[in-house]
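Visitor: entry.pdb is reproduced in full below (PDB, C-alpha atoms).
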ATOM      1  CA  GLN U   1      37.916  51.516  21.631
ATOM      2  CA  GLN U   2      38.284  50.160  25.169
ATOM      3  CA  HIS U   3      36.411  53.166  26.565
ATOM      4  CA  TYR U   4      33.553  52.624  24.102
ATOM      5  CA  GLN U   5      33.438  48.915  24.954
ATOM      6  CA  ASP U   6      33.347  49.616  28.697
ATOM      7  CA  SER U   7      30.652  52.267  28.248
ATOM      8  CA  LEU U   8      28.398  49.808  26.423
ATOM      9  CA  ARG U   9      28.851  47.159  29.098
ATOM     10  CA  VAL U  10      28.069  49.609  31.892
ATOM     11  CA  ALA U  11      24.998  50.819  30.016
ATOM     12  CA  LEU U  12      23.828  47.217  29.561
ATOM     13  CA  HIS U  13      23.512  46.795  33.337
ATOM     14  CA  LYS U  14      21.547  50.019  33.706
ATOM     15  CA  VAL U  15      18.971  49.759  30.924
ATOM     16  CA  PRO U  16      15.393  50.230  32.144
ATOM     17  CA  ASN U  17      13.649  47.848  29.734
ATOM     18  CA  ASP U  18      14.117  44.859  27.462
ATOM     19  CA  SER U  19      13.922  46.783  24.190
ATOM     20  CA  MET U  20      16.994  48.780  25.201
ATOM     21  CA  ARG U  21      18.618  45.602  26.524
ATOM     22  CA  TYR U  22      18.133  43.999  23.115
ATOM     23  CA  LEU U  23      19.527  47.042  21.315
ATOM     24  CA  LEU U  24      22.644  47.230  23.499
ATOM     25  CA  ASN U  25      23.363  43.511  23.196
ATOM     26  CA  MET U  26      23.150  43.861  19.408
ATOM     27  CA  GLN U  27      25.391  46.936  19.474
ATOM     28  CA  ILE U  28      28.024  45.195  21.602
ATOM     29  CA  ALA U  29      27.873  42.092  19.402
ATOM     30  CA  TYR U  30      28.334  44.257  16.306
ATOM     31  CA  TYR U  31      31.299  46.013  17.922
ATOM     32  CA  TYR U  32      32.985  42.653  18.590
ATOM     33  CA  GLN U  33      32.313  41.160  15.132
ATOM     34  CA  GLU U  34      35.881  41.464  13.874
ATOM     35  CA  LEU U  35      37.616  41.847  17.234
ATOM     36  CA  ASP U  36      36.415  38.782  19.122
ATOM     37  CA  ARG U  37      33.929  36.495  17.361
ATOM     38  CA  ASP U  38      33.234  34.423  20.483
ATOM     39  CA  SER U  39      32.138  37.553  22.343
ATOM     40  CA  SER U  40      30.096  38.649  19.333
ATOM     41  CA  ILE U  41      28.307  35.288  19.265
ATOM     42  CA  HIS U  42      27.652  35.552  23.012
ATOM     43  CA  TYR U  43      26.004  38.972  22.761
ATOM     44  CA  TYR U  44      23.987  38.112  19.670
ATOM     45  CA  ASP U  45      22.651  35.100  21.538
ATOM     46  CA  ALA U  46      21.837  37.270  24.557
ATOM     47  CA  ALA U  47      19.902  39.597  22.233
ATOM     48  CA  ARG U  48      18.091  36.602  20.754
ATOM     49  CA  LEU U  49      16.958  35.436  24.192
ATOM     50  CA  VAL U  50      15.638  38.884  25.124
ATOM     51  CA  ALA U  51      13.736  39.121  21.832
ATOM     52  CA  ARG U  52      12.299  35.637  22.208
ATOM     53  CA  LYS U  53      11.186  36.337  25.778
ATOM     54  CA  ASN U  54       9.218  39.346  24.485
ATOM     55  CA  ASN U  55       7.907  37.578  21.363
ATOM     56  CA  LYS U  56       9.632  40.053  19.025
ATOM     57  CA  LYS U  57       9.977  37.832  15.979
ATOM     58  CA  TYR U  58      11.954  40.039  13.598
ATOM     59  CA  ALA U  59      14.339  41.034  16.372
ATOM     60  CA  GLU U  60      14.891  37.368  17.203
ATOM     61  CA  ALA U  61      15.469  36.521  13.531
ATOM     62  CA  GLY U  62      17.943  39.380  13.182
ATOM     63  CA  ALA U  63      19.980  38.184  16.158
ATOM     64  CA  LEU U  64      19.897  34.587  14.931
ATOM     65  CA  GLY U  65      21.098  35.621  11.473
ATOM     66  CA  SER U  66      23.976  37.726  12.760
ATOM     67  CA  LYS U  67      24.978  34.940  15.131
ATOM     68  CA  GLY U  68      24.845  32.542  12.181
ATOM     69  CA  SER U  69      27.267  34.613  10.123
ATOM     70  CA  GLN U  70      29.712  34.781  13.030
ATOM     71  CA  LEU U  71      29.488  31.014  13.508
ATOM     72  CA  ALA U  72      30.243  30.555   9.790
ATOM     73  CA  LEU U  73      33.345  32.718  10.109
ATOM     74  CA  LYS U  74      34.423  30.543  13.053
ATOM     75  CA  GLY U  75      34.111  27.427  10.865
ATOM     76  CA  ARG U  76      31.105  26.133  12.807
ATOM     77  CA  TYR U  77      29.075  25.539   9.660
ATOM     78  CA  ALA U  78      26.387  23.169  10.957
ATOM     79  CA  GLU U  79      25.515  25.518  13.832
ATOM     80  CA  SER U  80      25.564  28.471  11.456
ATOM     81  CA  LEU U  81      23.135  26.770   9.089
ATOM     82  CA  GLN U  82      20.818  25.825  11.962
ATOM     83  CA  ASN U  83      20.661  29.430  13.190
ATOM     84  CA  LEU U  84      20.143  30.857   9.723
ATOM     85  CA  LEU U  85      17.397  28.410   8.764
ATOM     86  CA  SER U  86      15.614  29.121  12.059
ATOM     87  CA  ALA U  87      15.811  32.839  11.284
ATOM     88  CA  PHE U  88      14.437  32.390   7.753
ATOM     89  CA  ASN U  89      11.575  30.283   9.146
ATOM     90  CA  ILE U  90      10.661  33.024  11.615
ATOM     91  CA  VAL U  91      10.563  35.673   8.875
ATOM     92  CA  ASP U  92       8.604  33.371   6.579
ATOM     93  CA  GLU U  93       5.998  32.708   9.254
ATOM     94  CA  THR U  94       5.758  36.339  10.438
ATOM     95  CA  LYS U  95       4.188  38.436   7.703
ATOM     96  CA  SER U  96       3.889  41.559   9.859
ATOM     97  CA  GLU U  97       4.560  42.659  13.419
ATOM     98  CA  ASN U  98       3.434  45.607  15.512
ATOM     99  CA  ASN U  99       5.949  47.595  17.566
ATOM    100  CA  SER U 100       8.961  45.710  16.217
ATOM    101  CA  TRP U 101      12.332  46.136  17.870
ATOM    102  CA  PHE U 102      14.959  47.305  15.470
ATOM    103  CA  PHE U 103      18.758  47.413  15.182
ATOM    104  CA  SER U 104      20.785  48.873  12.321
ATOM    105  CA  PRO U 105      24.391  50.140  12.459
ATOM    106  CA  SER U 106      23.340  52.949  10.117
ATOM    107  CA  GLY U 107      20.541  54.069  12.435
ATOM    108  CA  VAL U 108      18.074  54.245   9.535
ATOM    109  CA  LYS U 109      14.713  52.783  10.485
ATOM    110  CA  PRO U 110      13.142  50.976   7.521
ATOM    111  CA  LYS U 111       9.503  51.355   6.546
ATOM    112  CA  ASN U 112       9.313  47.563   6.247
ATOM    113  CA  ASN U 113      11.132  45.744   9.031
ATOM    114  CA  ARG U 114      10.369  42.365   7.475
ATOM    115  CA  LEU U 115      12.200  43.181   4.229
ATOM    116  CA  TYR U 116      15.054  44.761   6.165
ATOM    117  CA  THR U 117      15.452  41.642   8.317
ATOM    118  CA  LEU U 118      15.236  39.427   5.235
ATOM    119  CA  SER U 119      17.989  41.441   3.527
ATOM    120  CA  ARG U 120      20.244  41.003   6.557
ATOM    121  CA  LEU U 121      19.558  37.275   6.654
ATOM    122  CA  GLN U 122      20.327  36.871   2.961
ATOM    123  CA  ASN U 123      23.654  38.616   3.442
ATOM    124  CA  SER U 124      24.436  36.414   6.462
ATOM    125  CA  TYR U 125      23.530  33.301   4.489
ATOM    126  CA  ALA U 126      25.904  34.449   1.744
ATOM    127  CA  VAL U 127      28.668  34.560   4.380
ATOM    128  CA  LEU U 128      28.054  30.873   5.086
ATOM    129  CA  MET U 129      27.958  30.081   1.368
ATOM    130  CA  ARG U 130      31.294  31.863   0.893
ATOM    131  CA  ALA U 131      32.844  30.010   3.815
ATOM    132  CA  THR U 132      31.708  26.670   2.393
ATOM    133  CA  LYS U 133      32.788  27.602  -1.168
ATOM    134  CA  ASN U 134      29.292  27.526  -2.662
ATOM    135  CA  THR U 135      29.893  30.358  -5.122
ATOM    136  CA  GLY U 136      26.605  30.179  -7.034
ATOM    137  CA  GLN U 137      24.490  30.416  -3.888
ATOM    138  CA  GLU U 138      26.720  33.123  -2.427
ATOM    139  CA  ILE U 139      26.221  35.358  -5.468
ATOM    140  CA  PHE U 140      22.479  34.627  -5.586
ATOM    141  CA  TYR U 141      21.901  35.566  -1.942
ATOM    142  CA  LEU U 142      24.073  38.682  -2.166
ATOM    143  CA  LYS U 143      21.995  39.904  -5.112
ATOM    144  CA  GLU U 144      18.760  39.136  -3.235
ATOM    145  CA  SER U 145      20.086  41.010  -0.205
ATOM    146  CA  ILE U 146      20.869  44.063  -2.350
ATOM    147  CA  LYS U 147      17.420  43.933  -3.970
ATOM    148  CA  ASN U 148      15.559  43.891  -0.646
ATOM    149  CA  ALA U 149      17.839  46.499   0.921
ATOM    150  CA  LYS U 150      17.025  48.857  -1.946
ATOM    151  CA  LEU U 151      13.308  48.349  -1.289
ATOM    152  CA  VAL U 152      13.735  49.663   2.277
ATOM    153  CA  ASN U 153      16.279  52.278   1.149
ATOM    154  CA  ASP U 154      18.946  51.594   3.793
ATOM    155  CA  PRO U 155      22.323  52.751   2.368
ATOM    156  CA  TYR U 156      24.415  50.673   4.772
ATOM    157  CA  ARG U 157      22.342  47.544   4.173
ATOM    158  CA  ILE U 158      22.722  48.067   0.404
ATOM    159  CA  ALA U 159      26.462  48.701   0.580
ATOM    160  CA  ILE U 160      27.588  45.611   2.498
ATOM    161  CA  PRO U 161      26.410  42.954   0.007
ATOM    162  CA  GLU U 162      27.565  45.179  -2.873
ATOM    163  CA  ILE U 163      31.086  45.240  -1.425
ATOM    164  CA  TYR U 164      31.034  41.484  -0.741
ATOM    165  CA  LEU U 165      29.776  40.825  -4.273
ATOM    166  CA  GLY U 166      32.591  42.927  -5.689
ATOM    167  CA  ASN U 167      35.074  40.926  -3.638
ATOM    168  CA  LYS U 168      33.626  37.682  -4.972
ATOM    169  CA  TYR U 169      33.954  38.919  -8.559
ATOM    170  CA  ILE U 170      37.625  39.691  -7.863
ATOM    171  CA  THR U 171      38.212  36.053  -6.890
ATOM    172  CA  LEU U 172      36.498  35.019 -10.147
ATOM    173  CA  ASN U 173      38.716  37.476 -12.083
ATOM    174  CA  LYS U 174      35.646  39.385 -13.302
ATOM    175  CA  LEU U 175      37.373  42.688 -12.706
ATOM    176  CA  ASP U 176      34.946  44.999 -14.532
ATOM    177  CA  SER U 177      31.991  43.567 -12.591
ATOM    178  CA  ALA U 178      34.011  43.777  -9.373
ATOM    179  CA  LEU U 179      34.817  47.443  -9.985
ATOM    180  CA  ILE U 180      31.145  48.260 -10.602
ATOM    181  CA  GLU U 181      30.032  46.605  -7.346
ATOM    182  CA  GLU U 182      32.792  48.134  -5.204
ATOM    183  CA  ASN U 183      32.041  51.602  -6.576
ATOM    184  CA  GLU U 184      28.317  51.079  -5.968
ATOM    185  CA  GLY U 185      29.075  50.030  -2.394
ATOM    186  CA  LEU U 186      31.280  53.066  -1.876
ATOM    187  CA  LYS U 187      28.563  55.316  -3.288
ATOM    188  CA  SER U 188      25.959  53.790  -0.951
ATOM    189  CA  LEU U 189      28.185  54.339   2.084
ATOM    190  CA  GLN U 190      28.283  58.070   1.353
ATOM    191  CA  PHE U 191      24.694  58.152   2.636
ATOM    192  CA  SER U 192      25.358  56.015   5.724
ATOM    193  CA  THR U 193      26.508  57.190   9.127
ATOM    194  CA  ASP U 194      28.506  53.967   9.562
ATOM    195  CA  LYS U 195      31.761  54.299   7.593
ATOM    196  CA  LYS U 196      33.341  51.067   8.820
ATOM    197  CA  TYR U 197      33.543  49.457   5.375
ATOM    198  CA  VAL U 198      34.688  52.514   3.387
ATOM    199  CA  SER U 199      38.352  51.598   3.824
ATOM    200  CA  GLY U 200      37.667  48.043   2.655
ATOM    201  CA  ALA U 201      35.891  49.214  -0.503
ATOM    202  CA  LEU U 202      38.674  51.672  -1.327
ATOM    203  CA  THR U 203      41.316  48.994  -0.774
ATOM    204  CA  TRP U 204      39.529  46.493  -3.032
ATOM    205  CA  ILE U 205      39.171  49.132  -5.753
ATOM    206  CA  GLY U 206      42.904  49.744  -5.474
ATOM    207  CA  TYR U 207      43.541  46.009  -5.753
ATOM    208  CA  ILE U 208      41.322  45.783  -8.841
ATOM    209  CA  TYR U 209      43.269  48.561 -10.555
ATOM    210  CA  MET U 210      46.498  46.812  -9.584
ATOM    211  CA  LYS U 211      45.279  43.624 -11.280
ATOM    212  CA  LYS U 212      44.298  45.688 -14.318
ATOM    213  CA  GLY U 213      47.822  47.124 -14.453
ATOM    214  CA  ASN U 214      46.771  50.705 -13.698
ATOM    215  CA  MET U 215      49.301  51.480 -10.975
ATOM    216  CA  PRO U 216      48.577  55.242 -10.585
ATOM    217  CA  LEU U 217      44.923  54.537  -9.741
ATOM    218  CA  ALA U 218      45.905  51.493  -7.657
ATOM    219  CA  GLU U 219      48.213  53.634  -5.510
ATOM    220  CA  LYS U 220      45.572  56.381  -5.241
ATOM    221  CA  TYR U 221      42.845  54.080  -3.916
ATOM    222  CA  LEU U 222      45.141  52.027  -1.692
ATOM    223  CA  TYR U 223      46.400  55.237  -0.080
ATOM    224  CA  GLU U 224      42.819  56.463   0.392
ATOM    225  CA  GLY U 225      41.941  53.099   1.926
ATOM    226  CA  ILE U 226      44.744  53.384   4.469
ATOM    227  CA  HIS U 227      43.772  56.977   5.263
ATOM    228  CA  SER U 228      40.114  55.994   5.713
ATOM    229  CA  SER U 229      41.092  53.072   7.946
ATOM    230  CA  ILE U 230      43.130  55.346  10.220
ATOM    231  CA  LYS U 231      40.368  57.962  10.274
ATOM    232  CA  SER U 232      37.700  55.417  11.250
ATOM    233  CA  ASP U 233      39.994  53.529  13.650
ATOM    234  CA  ASN U 234      39.408  50.363  11.610
ATOM    235  CA  LEU U 235      42.911  48.895  11.373
ATOM    236  CA  ASP U 236      42.099  45.189  11.560
TER
END
Before anything else, please render the file you have as structure tokens.
Guide:
Amino acid sequence: QQHYQDSLRVALHKVPNDSMRYLLNMQIAYYYQELDRDSSIHYYDAARLVARKNNKKYAEAGALGSKGSQLALKGRYAESLQNLLSAFNIVDETKSENNSWFFSPSGVKPKNNRLYTLSRLQNSYAVLMRATKNTGQEIFYLKESIKNAKLVNDPYRIAIPEIYLGNKYITLNKLDSALIEENEGLKSLQFSTDKKYVSGALTWIGYIYMKKGNMPLAEKYLYEGIHSSIKSDNLD
């Protein structure tokens, strides 16, 4: 991990243009999301500034939204809301854009960057709603995120809100609904190059079966979750 981190930082100082500078800042910010949220916020903001300088509206909105979700997870709710609302305003006012800059962990370029960006923002807004215990709005925005992600056919973008929605249903003790969403998320990730959340989905499925009293299946999925976590070096 340290080697990868150092490689990205070295590359950031050598990039020949702002589009690559934006992409690398987003990649570094994504890498830090669960390791160091302050660093993640810093790099998302750096990406935002590069996008704004070049008048790349969807790229700016994407960076603002991701920064907003990280701020929510830090408990900085007012700042999170400000960033997210600014991002939604940008997308609302920008109906189309030529030569858009694009970042996706899955590497799949959508046919409609506006819908892709909107799906990301809706998922980020759901993070804030979860952090502030607004369950109704969290579920609504997760479902909207899934709907728009399916329109651009990005497996990773579909999977993340599906997994989060399944997790929310677990907290509401809606175990059948939770199992459906976690399995859908796991199925979507089969078509994504980014396997970061596979271990999480498997673990939650195991937990659901544990709550249902099916210990053989609980042990099976929990073991697979641990194995997947080790394989993907995602042990946080």
Visitor: Once the PyMOL selection byres ((chain U and resi 44) around 8) has been applied to the shown file, what residues remain in the selection, as a list in words?
Guide: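 Selected by the PyMOL selection byres ((chain U and resi 44) around 8) in this file: Asn25, Met26, Ala29, Ser40, Ile41, His42, Tyr43, Asp45, Ala46, Ala47, Arg48, Ala63, Leu64, Ser66 and Lys67 of chain U.
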Visitor: With C-alpha atoms kept, could you save the residues just selected as a short mmCIF file (atom, residue, chain, number, x, y, z; two decimals), in the frame of the given file?
Guide:
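Okay, out-v5.cif is ready:
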data_model
loop_
_atom_site.label_atom_id
_atom_site.label_comp_id
_atom_site.auth_asym_id
_atom_site.auth_seq_id
_atom_site.Cartn_x
_atom_site.Cartn_y
_atom_site.Cartn_z
CA ASN U 25 23.36 43.51 23.20
CA MET U 26 23.15 43.86 19.41
CA ALA U 29 27.87 42.09 19.40
CA SER U 40 30.10 38.65 19.33
CA ILE U 41 28.31 35.29 19.26
CA HIS U 42 27.65 35.55 23.01
CA TYR U 43 26.00 38.97 22.76
CA ASP U 45 22.65 35.10 21.54
CA ALA U 46 21.84 37.27 24.56
CA ALA U 47 19.90 39.60 22.23
CA ARG U 48 18.09 36.60 20.75
CA ALA U 63 19.98 38.18 16.16
CA LEU U 64 19.90 34.59 14.93
CA SER U 66 23.98 37.73 12.76
CA LYS U 67 24.98 34.94 15.13
#
Visitor: Considering only C-alpha atoms, can you say which of U:Glu93, U:Glu144, U:Glu162, U:Asp36 comes closest to U:Tyr125?
Guide: U:Glu144
Visitor: Need the shell around U:Lys74: protein/DNA/RNA residues with any atom at most 9 Å away, counting all atoms listed in the file. Skip same-chain ones fewer than 5 positions apart. Format as a PyMOL selection string?
Guide: chain U and resi 37-38+69
Visitor: For this file, the PyMOL selection byres ((chain U and resi 208) around 12) selects which residues, as a VMD selection string?
Guide: chain U and resid 166 to 183 201 to 207 209 to 215 217 to 222
Visitor: Restricted to C-alpha atoms, what would the selected residues look like written as a PDB file, in the frame of the given file?
Guide:
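Result file follows (result-v6.pdb):
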ATOM      1  CA  GLY U 166      32.591  42.927  -5.689  1.00  0.00           C
ATOM      2  CA  ASN U 167      35.074  40.926  -3.638  1.00  0.00           C
ATOM      3  CA  LYS U 168      33.626  37.682  -4.972  1.00  0.00           C
ATOM      4  CA  TYR U 169      33.954  38.919  -8.559  1.00  0.00           C
ATOM      5  CA  ILE U 170      37.625  39.691  -7.863  1.00  0.00           C
ATOM      6  CA  THR U 171      38.212  36.053  -6.890  1.00  0.00           C
ATOM      7  CA  LEU U 172      36.498  35.019 -10.147  1.00  0.00           C
ATOM      8  CA  ASN U 173      38.716  37.476 -12.083  1.00  0.00           C
ATOM      9  CA  LYS U 174      35.646  39.385 -13.302  1.00  0.00           C
ATOM     10  CA  LEU U 175      37.373  42.688 -12.706  1.00  0.00           C
ATOM     11  CA  ASP U 176      34.946  44.999 -14.532  1.00  0.00           C
ATOM     12  CA  SER U 177      31.991  43.567 -12.591  1.00  0.00           C
ATOM     13  CA  ALA U 178      34.011  43.777  -9.373  1.00  0.00           C
ATOM     14  CA  LEU U 179      34.817  47.443  -9.985  1.00  0.00           C
ATOM     15  CA  ILE U 180      31.145  48.260 -10.602  1.00  0.00           C
ATOM     16  CA  GLU U 181      30.032  46.605  -7.346  1.00  0.00           C
ATOM     17  CA  GLU U 182      32.792  48.134  -5.204  1.00  0.00           C
ATOM     18  CA  ASN U 183      32.041  51.602  -6.576  1.00  0.00           C
ATOM     19  CA  ALA U 201      35.891  49.214  -0.503  1.00  0.00           C
ATOM     20  CA  LEU U 202      38.674  51.672  -1.327  1.00  0.00           C
ATOM     21  CA  THR U 203      41.316  48.994  -0.774  1.00  0.00           C
ATOM     22  CA  TRP U 204      39.529  46.493  -3.032  1.00  0.00           C
ATOM     23  CA  ILE U 205      39.171  49.132  -5.753  1.00  0.00           C
ATOM     24  CA  GLY U 206      42.904  49.744  -5.474  1.00  0.00           C
ATOM     25  CA  TYR U 207      43.541  46.009  -5.753  1.00  0.00           C
ATOM     26  CA  TYR U 209      43.269  48.561 -10.555  1.00  0.00           C
ATOM     27  CA  MET U 210      46.498  46.812  -9.584  1.00  0.00           C
ATOM     28  CA  LYS U 211      45.279  43.624 -11.280  1.00  0.00           C
ATOM     29  CA  LYS U 212      44.298  45.688 -14.318  1.00  0.00           C
ATOM     30  CA  GLY U 213      47.822  47.124 -14.453  1.00  0.00           C
ATOM     31  CA  ASN U 214      46.771  50.705 -13.698  1.00  0.00           C
ATOM     32  CA  MET U 215      49.301  51.480 -10.975  1.00  0.00           C
ATOM     33  CA  LEU U 217      44.923  54.537  -9.741  1.00  0.00           C
ATOM     34  CA  ALA U 218      45.905  51.493  -7.657  1.00  0.00           C
ATOM     35  CA  GLU U 219      48.213  53.634  -5.510  1.00  0.00           C
ATOM     36  CA  LYS U 220      45.572  56.381  -5.241  1.00  0.00           C
ATOM     37  CA  TYR U 221      42.845  54.080  -3.916  1.00  0.00           C
ATOM     38  CA  LEU U 222      45.141  52.027  -1.692  1.00  0.00           C
TER      39      LEU U 222
END
Visitor: Would you translate the PyMOL selection byres ((chain U and resi 188) around 9) into the concrete set of residues it matches in this file, as a list in words?
Guide: Asp154, Pro155, Tyr156, Arg157, Ile158, Ala159, Glu162, Asn183, Glu184, Gly185, Leu186, Lys187, Leu189, Gln190, Phe191 and Ser192 of chain U
Visitor: Which is closest to U:Asn113 among U:Asn83, U:Asn153, U:Thr132, U:Thr193, if we use all atoms listed in the file?
Guide: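 For U:Asn113, the nearest of the given residues is U:Asn153.
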Visitor: In Å, rounded to a single decimal, give me how far atom CA of U:Leu165 is from atom CA of U:Leu24.
Guide: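 Between atom CA of U:Leu24 and atom CA of U:Leu165 the gap is 29.4 Å.
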Visitor: Pick from U:Val127, U:Val198, U:Ile163, U:Ala59: nearest to U:Arg114, with all atoms listed in the file counted?
Guide: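 So, comparing all the options, the nearest one is U:Ala59.
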Visitor: Please, what distance in Å, to one decimal, runs between atom CA of U:Val91 and atom CA of U:Tyr197?
Guide: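 Separation of atom CA of U:Val91 and atom CA of U:Tyr197: 27.0 Å.
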Visitor: Quote the spacing between atom CA of U:Arg21 and atom CA of U:Pro161 in Å to one decimal place.
Guide: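 If I compute the distance from atom CA of U:Arg21 to atom CA of U:Pro161, I get 27.8 Å.
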Visitor: Find the smallest box with edges along x, y and z containing every listed atom of stretch 155-162 of chain U, then add 4 Å on each side and report centre and edge lengths in Å to one decimal, as AutoDock Vina command-line options.
Guide:
--center_x 25.0 --center_y 47.9 --center_z 0.9 --size_x 13.3 --size_y 17.8 --size_z 15.6
Visitor: Selecting all heavy atoms, how would stretch 98-106 of chain U from this structure be written as a short mmCIF file (atom, residue, chain, number, x, y, z; two decimals), in the first residue's frame?
Guide:
data_model
loop_
_atom_site.label_atom_id
_atom_site.label_comp_id
_atom_site.auth_asym_id
_atom_site.auth_seq_id
_atom_site.Cartn_x
_atom_site.Cartn_y
_atom_site.Cartn_z
N ASN U 98 -19.17 19.25 -23.15
CA ASN U 98 -18.25 18.63 -24.11
C ASN U 98 -16.91 18.34 -23.45
O ASN U 98 -16.43 19.10 -22.62
CB ASN U 98 -18.04 19.55 -25.31
CG ASN U 98 -19.30 19.74 -26.12
OD1 ASN U 98 -20.10 18.81 -26.27
ND2 ASN U 98 -19.49 20.93 -26.64
N ASN U 99 -16.30 17.23 -23.83
CA ASN U 99 -14.96 16.87 -23.35
C ASN U 99 -14.87 16.85 -21.82
O ASN U 99 -13.95 17.40 -21.23
CB ASN U 99 -13.91 17.83 -23.93
CG ASN U 99 -13.91 17.84 -25.44
OD1 ASN U 99 -13.96 16.77 -26.07
ND2 ASN U 99 -13.89 19.02 -26.04
N SER U 100 -15.85 16.20 -21.19
CA SER U 100 -15.86 16.14 -19.73
C SER U 100 -14.68 15.33 -19.21
O SER U 100 -14.26 14.35 -19.83
CB SER U 100 -17.16 15.48 -19.24
OG SER U 100 -18.27 16.22 -19.62
N TRP U 101 -14.17 15.73 -18.07
CA TRP U 101 -13.19 14.92 -17.35
C TRP U 101 -13.96 13.89 -16.55
O TRP U 101 -15.08 14.14 -16.10
CB TRP U 101 -12.34 15.76 -16.42
CG TRP U 101 -11.40 16.68 -17.12
CD1 TRP U 101 -11.12 16.70 -18.45
CD2 TRP U 101 -10.64 17.72 -16.52
NE1 TRP U 101 -10.21 17.70 -18.73
CE2 TRP U 101 -9.89 18.34 -17.55
CE3 TRP U 101 -10.50 18.20 -15.21
CZ2 TRP U 101 -9.03 19.39 -17.31
CZ3 TRP U 101 -9.64 19.24 -14.97
CH2 TRP U 101 -8.90 19.85 -16.01
N PHE U 102 -13.35 12.74 -16.34
CA PHE U 102 -14.09 11.64 -15.76
C PHE U 102 -13.22 10.83 -14.82
O PHE U 102 -12.07 10.55 -15.12
CB PHE U 102 -14.62 10.76 -16.90
CG PHE U 102 -15.20 9.46 -16.43
CD1 PHE U 102 -16.44 9.43 -15.85
CD2 PHE U 102 -14.49 8.28 -16.58
CE1 PHE U 102 -16.98 8.24 -15.40
CE2 PHE U 102 -15.01 7.10 -16.13
CZ PHE U 102 -16.26 7.07 -15.55
N PHE U 103 -13.80 10.46 -13.65
CA PHE U 103 -13.12 9.55 -12.73
C PHE U 103 -14.10 8.51 -12.23
O PHE U 103 -15.19 8.84 -11.75
CB PHE U 103 -12.55 10.30 -11.53
CG PHE U 103 -12.09 9.37 -10.42
CD1 PHE U 103 -10.89 8.69 -10.54
CD2 PHE U 103 -12.88 9.15 -9.30
CE1 PHE U 103 -10.49 7.81 -9.55
CE2 PHE U 103 -12.47 8.28 -8.30
CZ PHE U 103 -11.27 7.61 -8.42
N SER U 104 -13.75 7.24 -12.37
CA SER U 104 -14.52 6.15 -11.77
C SER U 104 -13.55 5.08 -11.30
O SER U 104 -12.66 4.67 -12.07
CB SER U 104 -15.49 5.54 -12.79
OG SER U 104 -16.02 4.33 -12.29
N PRO U 105 -13.70 4.58 -10.06
CA PRO U 105 -12.83 3.49 -9.60
C PRO U 105 -12.92 2.25 -10.48
O PRO U 105 -11.97 1.49 -10.59
CB PRO U 105 -13.36 3.21 -8.19
CG PRO U 105 -13.98 4.49 -7.75
CD PRO U 105 -14.58 5.07 -9.00
N SER U 106 -14.08 2.06 -11.11
CA SER U 106 -14.27 0.87 -11.95
C SER U 106 -13.62 1.02 -13.32
O SER U 106 -13.43 0.04 -14.03
CB SER U 106 -15.76 0.58 -12.13
OG SER U 106 -16.35 1.58 -12.93
#
